[in-house]
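Peer 1: This structure is in structure tokens; I'll ask about it shortly.
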Amino acid sequence: MNADIHTLTGAYALHALSEAERVEFEDHLAQCPACAKEVAEMQETAARLGSAVATQPPESLKQDVMAGIRRVRQLPPDEGPIIPLRGRKWPLRVTSMAAAAAAIAAIVLGSQVIRLDDEASRAEEQLAEVSSRYETVADMIAAQNTKIMAAKSGDMRATVVVSRQHGKVAFLPKDVPAPGEEKTYQLWLIGPDGAHSAGLLPDQDTPVIADTIEGANVLGVTIEPEGGSEQPTTDPVMTMALG
Amino acid sequence: MHGARAERARSGKPDLRAVAQSGHQDLMSRVARGDEQAFAELYDLLADRIYGLVLRVMRDPAQSEEVTQEVFIDLWRTASRFHSERGSVTSWAMTIAHRRAVDRVRSAQSTVDREARMAAGQQDTPFDSVSDEVASRFEQRQVRNCLDTLTELQRESVGLAYYQGYTYGEVATLLDTPLGTVKTRLRDGLIRLRDCLGVSK
């Protein structure tokens with residue numbers, strides 16, 4: 001156990017790490033049962049600190065919450081292998097790889113269908129493009145040693161599929177706010193020798209597939225001027241460890 | 001904890017926390033099955049704590065209500081993924097709530113704004129001014145007593161990180177203390193609190 005990273009348990013339990021450190025620490029956490037136990041105890045402790053400042057919310061909040069949940073579908077229970085879910089405390093499990101594949105298909109195709117309705121003229125071309133990308137993603141999911149991660153950062157959500165066997169990373173945007181006028185999202189594979197561009201997000205629905213880079217263990221997303229940059233010029237809006 | 005539990009069993013007093021815990025688990029199983037009535041009970045159980053914590057971090061009541069609502073919807077959505085062996089319902093919910101509140105203040109506040117505030121050395125509310133409207137007096141007194149067992153640096157570091165939502169780097173700047181020191185104070189401060197509060201798995 002690395003003594004230095006172990007001292008981050010406290011800062012982690014208090015959500016006091018920077019995004020990059022959090023990603024690194026969660027990687028460590030997955031392999032360090034002693035750290036996981038310590039973190040769980042510290043989260044219990046922090047919850048007590050939080051309970052000490054309890055304050056009654058306005059009465060109306062309960063109605064809002066109860067009305068809110070009626071519109072929200074609950075996640076099914078987990079039974080399958082654990083897949084680390086970045087950006088959250090609790091690991092996501094998927095019942096089977098097939099379910100994961102179906103979920104990804106729904107994400108990709110679901111959002112594309114809406115797009116195609118809007119832009120009938122480019123439909124055929126786009127569908128071909130998407131289905132070829134989707135086939136790659138499906139192949140990646142079916143392969144051995146594939147990691148599927150859901151990432152969330154602020155308002156942004158995405159699913160990332162990493163296939164060691166294919167040597168590819170797929171980035172599937174889910175909820176991605178508009179990057180802003182004349183701006184674009186750029187993906188980066190980050191390793192000890194720095195950041196390498198993994199391509200631009202063509203729009204807020206289309207997956208990006210990139211070749212993995214030897215030694216790159218973090219995927220980052222930044223907002224860059226249209227056309228992209230050589231190197232990241234802004235702080236990442238999302239990072240996740242590729243493991 | 002086991003020792004304490006055995007002791008209580010011998011003395012014939014129920015371990016209220018343990019009783020509450022097993023009750024919470026039943027409640028969570030019902031919530032996971034889509035039982036809205038059970039969720040309403042969960043709301044009653046946690047609303048004050050979650051709202052209080054979010055309000056403490058965010059300060060703005062309207063935004064705190066919004067975030068509290070998001071937290072509850074998250075609890076509803078992910079109820080089936082709650083695992084009692086990994087911790088209590090309260091810890092699970094409060095971790096989600098704290099995370100959301102902190103994420104929200106970090107994304108909302110521009111770095112410039114925060115740096116300006118840090119440079120000015122402003123800490124809006126002293127860490128001790130705990131809002132005590134509805135927190136159980138016993139629970140609050142216990143937390144306060146345990147906070148008193150910390151060194152000043154431990155207490156300040158934990159308070160700034162948890163109640164104000166600062167990163168440990170920001171805490172180091174505010175307290176004019178080396179990063180490594182703050183990192184270890186957060187950890188040993190929490191360990192001391194954990195032991196004082198009798199939190200253990």
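Each chain in the structure tokens gets a letter, A, B and so on, in the order shown; residues start at 1 in every chain, and ligands are counted from 1 in the order they appear.
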Return as a compact mmCIF listing (two decimals) with N, CA and C atoms, in the first residue's frame the residues belonging to chain A that are within 8 Å of chain B, counting only C-alpha atoms.
Peer 2:
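Contents of result.txt, as written:
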# COMPACT_ATOMS: atom_id res chain seq x y z
N THR A 7 -3.02 8.45 2.66
CA THR A 7 -3.40 9.60 3.50
C THR A 7 -4.53 10.42 2.86
N LEU A 8 -4.86 10.12 1.60
CA LEU A 8 -5.93 10.88 0.95
C LEU A 8 -7.33 10.40 1.35
N THR A 9 -7.43 9.35 2.14
CA THR A 9 -8.76 8.84 2.52
C THR A 9 -9.63 9.93 3.14
N GLY A 10 -9.03 10.74 4.01
CA GLY A 10 -9.80 11.80 4.68
C GLY A 10 -10.31 12.82 3.69
N ALA A 11 -9.40 13.33 2.85
CA ALA A 11 -9.79 14.34 1.86
C ALA A 11 -10.82 13.76 0.90
N LEU A 14 -14.31 13.60 2.35
CA LEU A 14 -14.90 14.94 2.50
C LEU A 14 -15.09 15.62 1.14
N HIS A 15 -14.87 14.88 0.06
CA HIS A 15 -14.97 15.44 -1.29
C HIS A 15 -14.05 16.65 -1.44
N ALA A 16 -12.86 16.54 -0.89
CA ALA A 16 -11.94 17.69 -0.90
C ALA A 16 -10.76 17.46 -1.84
N LEU A 17 -10.89 16.47 -2.73
CA LEU A 17 -9.82 16.25 -3.71
C LEU A 17 -10.16 16.95 -5.01
N SER A 18 -9.12 17.31 -5.76
CA SER A 18 -9.37 17.83 -7.10
C SER A 18 -9.83 16.64 -7.95
N LYS A 37 -12.38 0.37 3.51
CA LYS A 37 -13.00 0.29 4.84
C LYS A 37 -12.83 1.62 5.57
N ALA A 40 -15.17 4.17 4.10
CA ALA A 40 -16.56 3.95 4.51
C ALA A 40 -16.79 4.46 5.93
N GLU A 41 -15.85 4.22 6.81
CA GLU A 41 -15.98 4.71 8.19
C GLU A 41 -15.94 6.23 8.24
N MET A 42 -15.09 6.81 7.40
CA MET A 42 -15.01 8.27 7.38
C MET A 42 -16.26 8.89 6.79
N GLN A 43 -16.88 8.19 5.84
CA GLN A 43 -18.14 8.71 5.29
C GLN A 43 -19.25 8.64 6.35
N GLU A 44 -19.23 7.59 7.14
CA GLU A 44 -20.19 7.51 8.25
C GLU A 44 -19.96 8.68 9.22
N THR A 45 -18.69 8.93 9.48
CA THR A 45 -18.34 10.01 10.40
C THR A 45 -18.79 11.36 9.84
N ALA A 46 -18.51 11.57 8.55
CA ALA A 46 -18.91 12.83 7.91
C ALA A 46 -20.42 12.98 7.95
N ALA A 47 -21.14 11.86 7.76
CA ALA A 47 -22.61 11.92 7.80
C ALA A 47 -23.09 12.43 9.15
N ARG A 48 -22.35 12.07 10.22
CA ARG A 48 -22.72 12.55 11.55
C ARG A 48 -22.50 14.06 11.66
N LEU A 49 -21.41 14.52 11.05
CA LEU A 49 -21.17 15.97 11.04
C LEU A 49 -22.29 16.67 10.29
N GLY A 50 -22.73 16.05 9.20
CA GLY A 50 -23.81 16.64 8.40
C GLY A 50 -25.12 16.63 9.17
N SER A 51 -25.38 15.54 9.89
CA SER A 51 -26.62 15.44 10.66
C SER A 51 -26.70 16.50 11.75
N ALA A 52 -25.53 16.92 12.22
CA ALA A 52 -25.51 17.92 13.30
C ALA A 52 -25.98 19.29 12.82
N VAL A 53 -26.06 19.50 11.51
CA VAL A 53 -26.55 20.80 11.02
C VAL A 53 -27.92 20.65 10.34
N ALA A 54 -28.65 19.62 10.73
CA ALA A 54 -29.97 19.38 10.15
C ALA A 54 -30.86 20.62 10.29
N THR A 55 -31.59 20.90 9.26
CA THR A 55 -32.49 22.06 9.23
C THR A 55 -33.76 21.64 8.49
N GLN A 56 -34.90 22.06 9.01
CA GLN A 56 -36.14 21.64 8.36
C GLN A 56 -36.33 22.36 7.02
N PRO A 57 -36.55 21.61 5.96
CA PRO A 57 -36.81 22.27 4.66
C PRO A 57 -38.25 22.78 4.61
N LEU A 61 -41.41 21.15 -0.19
CA LEU A 61 -40.38 20.34 -0.83
C LEU A 61 -40.81 18.87 -0.95
N LYS A 62 -41.52 18.39 0.05
CA LYS A 62 -41.91 16.98 0.02
C LYS A 62 -42.83 16.68 -1.18
N ASP A 64 -42.92 18.32 -3.94
CA ASP A 64 -42.10 18.42 -5.15
C ASP A 64 -41.33 17.11 -5.38
N VAL A 65 -40.76 16.61 -4.28
CA VAL A 65 -39.97 15.38 -4.39
C VAL A 65 -40.87 14.21 -4.80
N MET A 66 -42.02 14.10 -4.13
CA MET A 66 -42.91 12.98 -4.42
C MET A 66 -43.44 13.06 -5.86
N GLY A 68 -41.80 14.47 -8.23
CA GLY A 68 -40.61 14.24 -9.06
C GLY A 68 -40.33 12.77 -9.28
N ILE A 69 -40.42 11.95 -8.22
CA ILE A 69 -40.06 10.54 -8.37
C ILE A 69 -41.04 9.79 -9.26
N VAL A 72 -39.62 9.37 -12.59
CA VAL A 72 -38.27 8.82 -12.72
C VAL A 72 -38.26 7.31 -12.53
N ARG A 73 -37.74 6.63 -13.51
CA ARG A 73 -37.65 5.18 -13.46
C ARG A 73 -36.49 4.78 -12.55
N GLN A 74 -36.71 3.73 -11.77
CA GLN A 74 -35.65 3.27 -10.88
C GLN A 74 -34.71 2.31 -11.60
N LEU A 75 -33.47 2.32 -11.17
CA LEU A 75 -32.50 1.40 -11.76
C LEU A 75 -32.79 -0.01 -11.27
N PRO A 76 -32.57 -1.00 -12.13
CA PRO A 76 -32.75 -2.38 -11.68
C PRO A 76 -31.65 -2.76 -10.69
N PRO A 77 -31.88 -3.79 -9.88
CA PRO A 77 -30.82 -4.21 -8.96
C PRO A 77 -29.65 -4.79 -9.73
N ASP A 78 -28.53 -4.83 -9.06
CA ASP A 78 -27.33 -5.34 -9.72
C ASP A 78 -27.13 -6.79 -9.35
N LYS A 89 -19.92 7.11 -5.82
CA LYS A 89 -19.40 6.27 -4.75
C LYS A 89 -19.71 4.80 -5.03
N TRP A 90 -20.82 4.54 -5.65
CA TRP A 90 -21.34 3.19 -5.66
C TRP A 90 -21.11 2.53 -7.00
N LEU A 92 -21.49 0.37 -10.27
CA LEU A 92 -22.59 -0.06 -11.11
C LEU A 92 -22.35 -1.51 -11.51
N GLY A 154 -20.64 17.33 -13.19
CA GLY A 154 -21.54 18.47 -13.33
C GLY A 154 -22.77 18.04 -14.11
Peer 1: Might you pull out every residue within 9 Å of His6 of chain A, with only C-alpha atoms counted and same-chain residues fewer than 5 positions away left off, and present them as a list in words?
Peer 2: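 Everything that qualifies: Met1, Phe25, His28, Leu29 and Cys35 of chain A.
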Peer 1: Write out as number ranges by chain all residues of segment 130-184 of chain B that DSSP puts in alpha helix (DSSP H) for this structure's backbone.
Peer 2: B: 137-148, 152-164, 168-175, 179-184
Peer 1: Please measure the separation of atom CA of Glu156 of chain B and atom CA of Glu38 of chain A, giving the value in Å to one decimal.
Peer 2: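 Interatomic distance, atom CA of Glu156 of chain B to atom CA of Glu38 of chain A: 21.1 Å.
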Peer 1: When you draw a straight line from atom CA of Ala178 of chain A to atom CA of Thr159 of chain A, how long is it in Å?
Peer 2: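 For atom CA of Ala178 of chain A relative to atom CA of Thr159 of chain A, the distance reads 17.4 Å.
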Peer 1: Residues within 6 Å of segment 201-210 of chain A, please, as a count of residues only. Count only C-alpha atoms; anything in the same chain fewer than 5 positions from it doesn't count.
Peer 2: 8
Peer 1: Could you list, as JSON, numbers by chain, every residue within 8 Å of segment 216-223 of chain A, counting only C-alpha atoms and ignoring same-chain residues fewer than 6 positions away?
Peer 2: {"A": [179, 183, 184, 185, 186, 187, 188, 189, 190, 191, 192, 232, 233, 234, 235, 236, 237, 238, 239, 240, 241, 242, 243]}
